[in-house]
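Asks: The following file, input.cif, comprises mmCIF, C-alpha atoms:
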data_entry
#
loop_
_atom_site.label_atom_id
_atom_site.label_comp_id
_atom_site.auth_asym_id
_atom_site.auth_seq_id
_atom_site.Cartn_x
_atom_site.Cartn_y
_atom_site.Cartn_z
CA MET A 176 3.82 22.39 12.90
CA ILE A 177 0.40 22.82 11.26
CA GLN A 178 2.06 22.76 7.82
CA GLN A 179 3.93 19.55 8.71
CA SER A 180 0.66 17.98 9.84
CA LYS A 181 -1.05 18.96 6.60
CA LEU A 182 1.80 17.51 4.54
CA ALA A 183 1.60 14.24 6.49
CA GLU A 184 -2.15 14.10 5.88
CA ILE A 185 -1.69 14.78 2.15
CA GLY A 186 0.92 12.01 2.05
CA GLU A 187 -1.51 9.55 3.64
CA ILE A 188 -4.29 10.55 1.24
CA PHE A 189 -1.99 10.16 -1.74
CA SER A 190 -0.86 6.74 -0.51
CA SER A 191 -4.49 5.66 -0.48
CA ILE A 192 -5.06 7.05 -3.98
CA ALA A 193 -1.86 5.39 -5.23
CA HIS A 194 -3.05 2.04 -3.90
CA GLN A 195 -6.38 2.51 -5.72
CA TRP A 196 -4.62 3.39 -8.99
CA LYS A 197 -2.15 0.52 -8.87
CA THR A 198 -4.91 -2.10 -8.83
CA PRO A 199 -6.37 -1.07 -12.23
CA LEU A 200 -2.85 -0.82 -13.64
CA LEU A 201 -2.25 -4.42 -12.59
CA GLU A 202 -5.52 -5.40 -14.30
CA ILE A 203 -4.51 -3.60 -17.51
CA THR A 204 -1.17 -5.42 -17.44
CA THR A 205 -2.91 -8.78 -17.00
CA ILE A 206 -5.37 -8.09 -19.84
CA ALA A 207 -2.54 -7.03 -22.17
CA GLN A 208 -0.53 -10.16 -21.35
CA GLU A 209 -3.62 -12.33 -21.82
CA GLN A 210 -3.99 -10.84 -25.29
CA ILE A 211 -0.60 -12.22 -26.25
CA TYR A 212 -0.97 -15.65 -24.64
CA SER A 213 -4.62 -16.39 -25.46
CA THR A 214 -4.47 -15.45 -29.14
CA ASP A 215 -3.66 -18.22 -31.58
CA LYS A 216 0.09 -18.09 -32.22
CA LYS A 217 -0.52 -17.88 -35.97
CA ILE A 218 -2.64 -14.76 -35.61
CA ILE A 219 -0.22 -12.80 -33.43
CA ASP A 220 1.47 -10.37 -35.72
CA GLU A 221 4.13 -7.76 -35.13
CA GLU A 222 1.58 -4.93 -34.99
CA ASN A 223 -0.50 -6.63 -32.28
CA ASN A 224 2.63 -7.51 -30.30
CA ALA A 225 3.90 -3.92 -30.61
CA PHE A 226 0.52 -2.66 -29.41
CA VAL A 227 0.66 -4.83 -26.29
CA ASN A 228 4.29 -3.84 -25.67
CA ASP A 229 3.30 -0.15 -25.88
CA ILE A 230 0.58 -0.76 -23.28
CA MET A 231 3.08 -2.48 -21.00
CA VAL A 232 5.60 0.38 -21.31
CA GLN A 233 2.93 2.95 -20.43
CA VAL A 234 1.60 0.93 -17.49
CA ARG A 235 5.14 0.48 -16.11
CA TYR A 236 5.76 4.21 -16.51
CA MET A 237 2.50 5.08 -14.72
CA GLY A 238 3.33 2.70 -11.86
CA GLU A 239 6.82 4.17 -11.47
CA THR A 240 5.43 7.71 -11.55
CA ILE A 241 2.92 6.87 -8.82
CA SER A 242 5.67 5.33 -6.67
CA ASP A 243 8.02 8.28 -7.27
CA PHE A 244 5.35 10.80 -6.35
CA GLN A 245 4.31 8.75 -3.33
CA ASN A 246 7.90 8.74 -2.06
CA PHE A 247 8.27 12.43 -2.88
CA ILE A 248 5.16 13.61 -1.01
CA MET A 249 5.88 11.74 2.21
CA PRO A 250 7.58 14.01 4.77
CA SER A 251 11.12 13.05 5.76
CA THR A 252 11.39 11.84 9.33
CA ARG A 253 15.12 12.35 9.72
CA LYS A 254 18.06 14.00 8.05
CA VAL A 255 19.92 11.94 5.48
CA THR A 256 22.96 12.52 3.32
CA PHE A 257 21.99 12.81 -0.34
CA ASN A 258 23.32 14.17 -3.61
CA ILE A 259 21.64 17.46 -4.46
CA SER A 260 22.09 16.92 -8.21
CA GLU A 261 20.22 13.61 -8.03
CA ALA A 262 17.43 15.27 -6.01
CA VAL A 263 17.07 18.01 -8.66
CA THR A 264 16.97 15.40 -11.43
CA LYS A 265 14.30 13.38 -9.58
CA MET A 266 12.23 16.51 -8.96
CA LEU A 267 12.39 17.43 -12.66
CA GLU A 268 11.27 13.90 -13.60
CA ILE A 269 8.15 14.37 -11.49
CA ILE A 270 7.11 17.53 -13.34
CA ASN A 271 8.67 16.70 -16.70
CA HIS A 272 5.39 16.34 -18.60
CA ASN A 273 4.00 19.60 -17.26
CA ILE A 274 7.17 21.44 -18.27
CA LYS A 275 7.19 19.84 -21.74
CA TYR A 276 3.46 20.46 -22.22
CA ASN A 277 4.12 24.16 -21.66
CA TYR A 278 7.04 24.13 -24.13
CA ILE A 279 9.64 25.08 -21.56
CA LYS A 280 13.25 24.00 -21.89
CA THR A 281 15.15 23.17 -18.71
CA ASN A 282 18.91 23.32 -18.56
CA VAL A 283 20.75 21.84 -15.59
CA GLN A 284 24.41 22.71 -15.19
CA VAL A 285 26.36 20.79 -12.55
CA GLN A 286 29.86 21.85 -11.54
CA GLU A 287 32.36 19.11 -12.34
CA ASP A 288 34.13 17.39 -9.44
CA ALA A 289 32.01 19.24 -6.87
CA ASN A 290 30.99 17.65 -3.58
CA LEU A 291 27.23 17.88 -3.88
CA ASN A 292 26.34 15.63 -0.95
CA ILE A 293 24.40 17.38 1.78
CA LEU A 294 22.82 16.40 5.08
CA GLY A 295 19.18 17.37 5.28
CA TYR A 296 15.55 16.56 4.55
CA LYS A 297 15.55 15.40 0.94
CA ASN A 298 11.80 15.35 0.26
CA GLU A 299 11.28 18.77 1.79
CA LEU A 300 14.09 20.25 -0.30
CA MET A 301 12.65 18.65 -3.44
CA GLN A 302 9.24 20.16 -2.61
CA ILE A 303 10.82 23.61 -2.21
CA LEU A 304 12.62 23.27 -5.55
CA LEU A 305 9.40 22.02 -7.15
CA ASN A 306 7.58 25.14 -5.92
CA ILE A 307 10.29 27.42 -7.31
CA VAL A 308 10.27 25.67 -10.70
CA ASN A 309 6.45 25.71 -10.81
CA ASN A 310 6.48 29.45 -10.07
CA ALA A 311 8.97 29.91 -12.91
CA LYS A 312 6.73 27.85 -15.21
CA ASP A 313 3.67 29.92 -14.28
CA SER A 314 5.56 33.14 -14.94
CA ILE A 315 6.78 31.88 -18.31
CA VAL A 316 3.27 30.80 -19.33
CA LYS A 317 1.92 34.23 -18.34
CA ARG A 318 4.63 36.08 -20.30
CA ARG A 319 4.05 33.88 -23.34
CA LYS A 320 0.32 34.68 -23.29
CA GLU A 321 1.22 38.37 -23.15
CA LYS A 322 3.48 37.74 -26.18
CA ARG A 323 6.50 39.05 -24.23
CA ILE A 324 8.58 35.90 -24.79
CA LYS A 325 8.61 33.21 -27.47
CA GLU A 326 10.10 30.25 -25.66
CA GLY A 327 10.39 29.42 -21.99
CA ILE A 328 13.72 28.58 -20.41
CA ILE A 329 14.54 27.52 -16.86
CA ASN A 330 18.23 27.26 -15.98
CA ILE A 331 19.36 25.42 -12.86
CA ASP A 332 22.99 25.81 -11.86
CA ILE A 333 24.41 23.58 -9.10
CA LYS A 334 27.86 24.18 -7.69
CA ASN A 335 29.97 23.95 -4.57
CA ILE A 336 31.50 27.13 -3.18
CA GLN A 337 33.74 26.84 -0.11
CA ASN A 338 32.07 23.54 0.92
CA ASP A 339 28.56 24.98 0.56
CA VAL A 340 26.22 23.75 -2.15
CA LEU A 341 24.71 26.58 -4.18
CA ILE A 342 21.63 26.13 -6.36
CA GLN A 343 20.76 29.01 -8.67
CA ILE A 344 17.46 28.89 -10.55
CA GLU A 345 16.83 31.41 -13.30
CA ASP A 346 14.03 31.74 -15.82
CA ASN A 347 13.03 34.12 -18.57
CA GLY A 348 9.49 34.63 -17.25
#
Is it possible to give me this structure as structure tokens?
Replies:
Amino acid sequence: MIQQSKLAEIGEIFSSIAHQWKTPLLEITTIAQEQIYSTDKKIIDEENNAFVNDIMVQVRYMGETISDFQNFIMPSTRKVTFNISEAVTKMLEIINHNIKYNYIKTNVQVQEDANLNILGYKNELMQILLNIVNNAKDSIVKRRKEKRIKEGIINIDIKNIQNDVLIQIEDNG
């Protein structure tokens, strides 16, 4: 119960932070768009337009990441039916940059034609999977520093066995 309370408090704090971050992102978007519309049409060149477009892509990505993480951190209030494969994919998107930054390859294998819908607490399951994958990442990073492995690999295998969903996570750390 204490853990649930802490998670709810963290979710509220993050929501406040997310709100604070979204305001500057909106300002950056406005400034970038002003750059296109206020500049003399003759002066706008492809390079300047590409620069503004790159800013817009990054701002959109940052906004989506904030929203995804905000939804992820909030505790589930009731059980819902969800696809476990989609939950794993969403969880990996949240930590994608950290995994890539540490030069770790993730492989997700999903059994074909399997019923991967489950009834449960989606955000809590995603947080559990995130902890497992982060532990695997930490172990890989440690082994790489010790020169025991060259490249990091995390394999996630999702299948259905006798109407039960099985998730196997394996790493070389």
Asks: Could you name the residues that touch Arg318 (chain A) at 9 Å or less, counting all atoms listed in the file, but leaving out those on the same chain fewer than 6 positions away, as a list of chain:residue names?
Replies: A:Ile324, A:Lys325, A:Gly327, A:Asn347, A:Gly348
Asks: Determine the nearest neighbour of Lys297 (chain A) from the options A:Val263, A:Ile328, A:Val316, A:Ile279, counting all atoms listed in the file.
Replies: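 Of A:Val263, A:Ile328, A:Val316, A:Ile279, the one nearest Lys297 (chain A) is A:Val263, counting all atoms listed in the file.
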Asks: If you count all atoms listed in the file, which residues fall within 8 Å of Leu294 (chain A), apart from same-chain ones fewer than 2 positions away, as a list of chain:residue names?
Replies: A:Lys254, A:Val255, A:Thr256, A:Phe257, A:Asn292, A:Tyr296
Asks: Which protein, DNA or RNA residues have an atom at most 10 Å from (10.7, 13.9, -9.2), counting all atoms listed in the file? List them as number ranges by chain.
Replies: A: 240, 243-244, 246-248, 261-271, 298, 301-302, 305
Asks: Could you please take those selected residues and save C-alpha atoms as a PDB file, in the frame of the given file?
Replies:
ATOM      1  CA  THR A 240       5.430   7.710 -11.550  1.00  0.00           C
ATOM      2  CA  ASP A 243       8.020   8.280  -7.270  1.00  0.00           C
ATOM      3  CA  PHE A 244       5.350  10.800  -6.350  1.00  0.00           C
ATOM      4  CA  ASN A 246       7.900   8.740  -2.060  1.00  0.00           C
ATOM      5  CA  PHE A 247       8.270  12.430  -2.880  1.00  0.00           C
ATOM      6  CA  ILE A 248       5.160  13.610  -1.010  1.00  0.00           C
ATOM      7  CA  GLU A 261      20.220  13.610  -8.030  1.00  0.00           C
ATOM      8  CA  ALA A 262      17.430  15.270  -6.010  1.00  0.00           C
ATOM      9  CA  VAL A 263      17.070  18.010  -8.660  1.00  0.00           C
ATOM     10  CA  THR A 264      16.970  15.400 -11.430  1.00  0.00           C
ATOM     11  CA  LYS A 265      14.300  13.380  -9.580  1.00  0.00           C
ATOM     12  CA  MET A 266      12.230  16.510  -8.960  1.00  0.00           C
ATOM     13  CA  LEU A 267      12.390  17.430 -12.660  1.00  0.00           C
ATOM     14  CA  GLU A 268      11.270  13.900 -13.600  1.00  0.00           C
ATOM     15  CA  ILE A 269       8.150  14.370 -11.490  1.00  0.00           C
ATOM     16  CA  ILE A 270       7.110  17.530 -13.340  1.00  0.00           C
ATOM     17  CA  ASN A 271       8.670  16.700 -16.700  1.00  0.00           C
ATOM     18  CA  ASN A 298      11.800  15.350   0.260  1.00  0.00           C
ATOM     19  CA  MET A 301      12.650  18.650  -3.440  1.00  0.00           C
ATOM     20  CA  GLN A 302       9.240  20.160  -2.610  1.00  0.00           C
ATOM     21  CA  LEU A 305       9.400  22.020  -7.150  1.00  0.00           C
TER      22      LEU A 305
END
Asks: Give me, as a VMD selection string, all polymer residues having an atom no more than 7 Å from Gly238 (chain A), counting only C-alpha atoms and skipping those fewer than 4 positions away in the same chain.
Replies: chain A and resid 197 234 242
Asks: Please, what distance in Å, to one decimal, runs between CA of Glu239 (chain A) and CA of Ile331 (chain A)?
Replies: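 Calculated distance between CA of Glu239 (chain A) and CA of Ile331 (chain A) is 24.7 Å.
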Asks: By how many Å are CA of Glu184 (chain A) and CA of Gly295 (chain A) apart?
Replies: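 We find that CA of Glu184 (chain A) and CA of Gly295 (chain A) lie 21.6 Å from each other.
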Asks: Go through A:Ala311, A:Ile192, A:Ile230, A:Ala289 one by one, measure the shortest atom-to-atom distance of each to Asn277 (chain A) using only C-alpha atoms, and give the residue with the smallest value.
Replies: A:Ala311
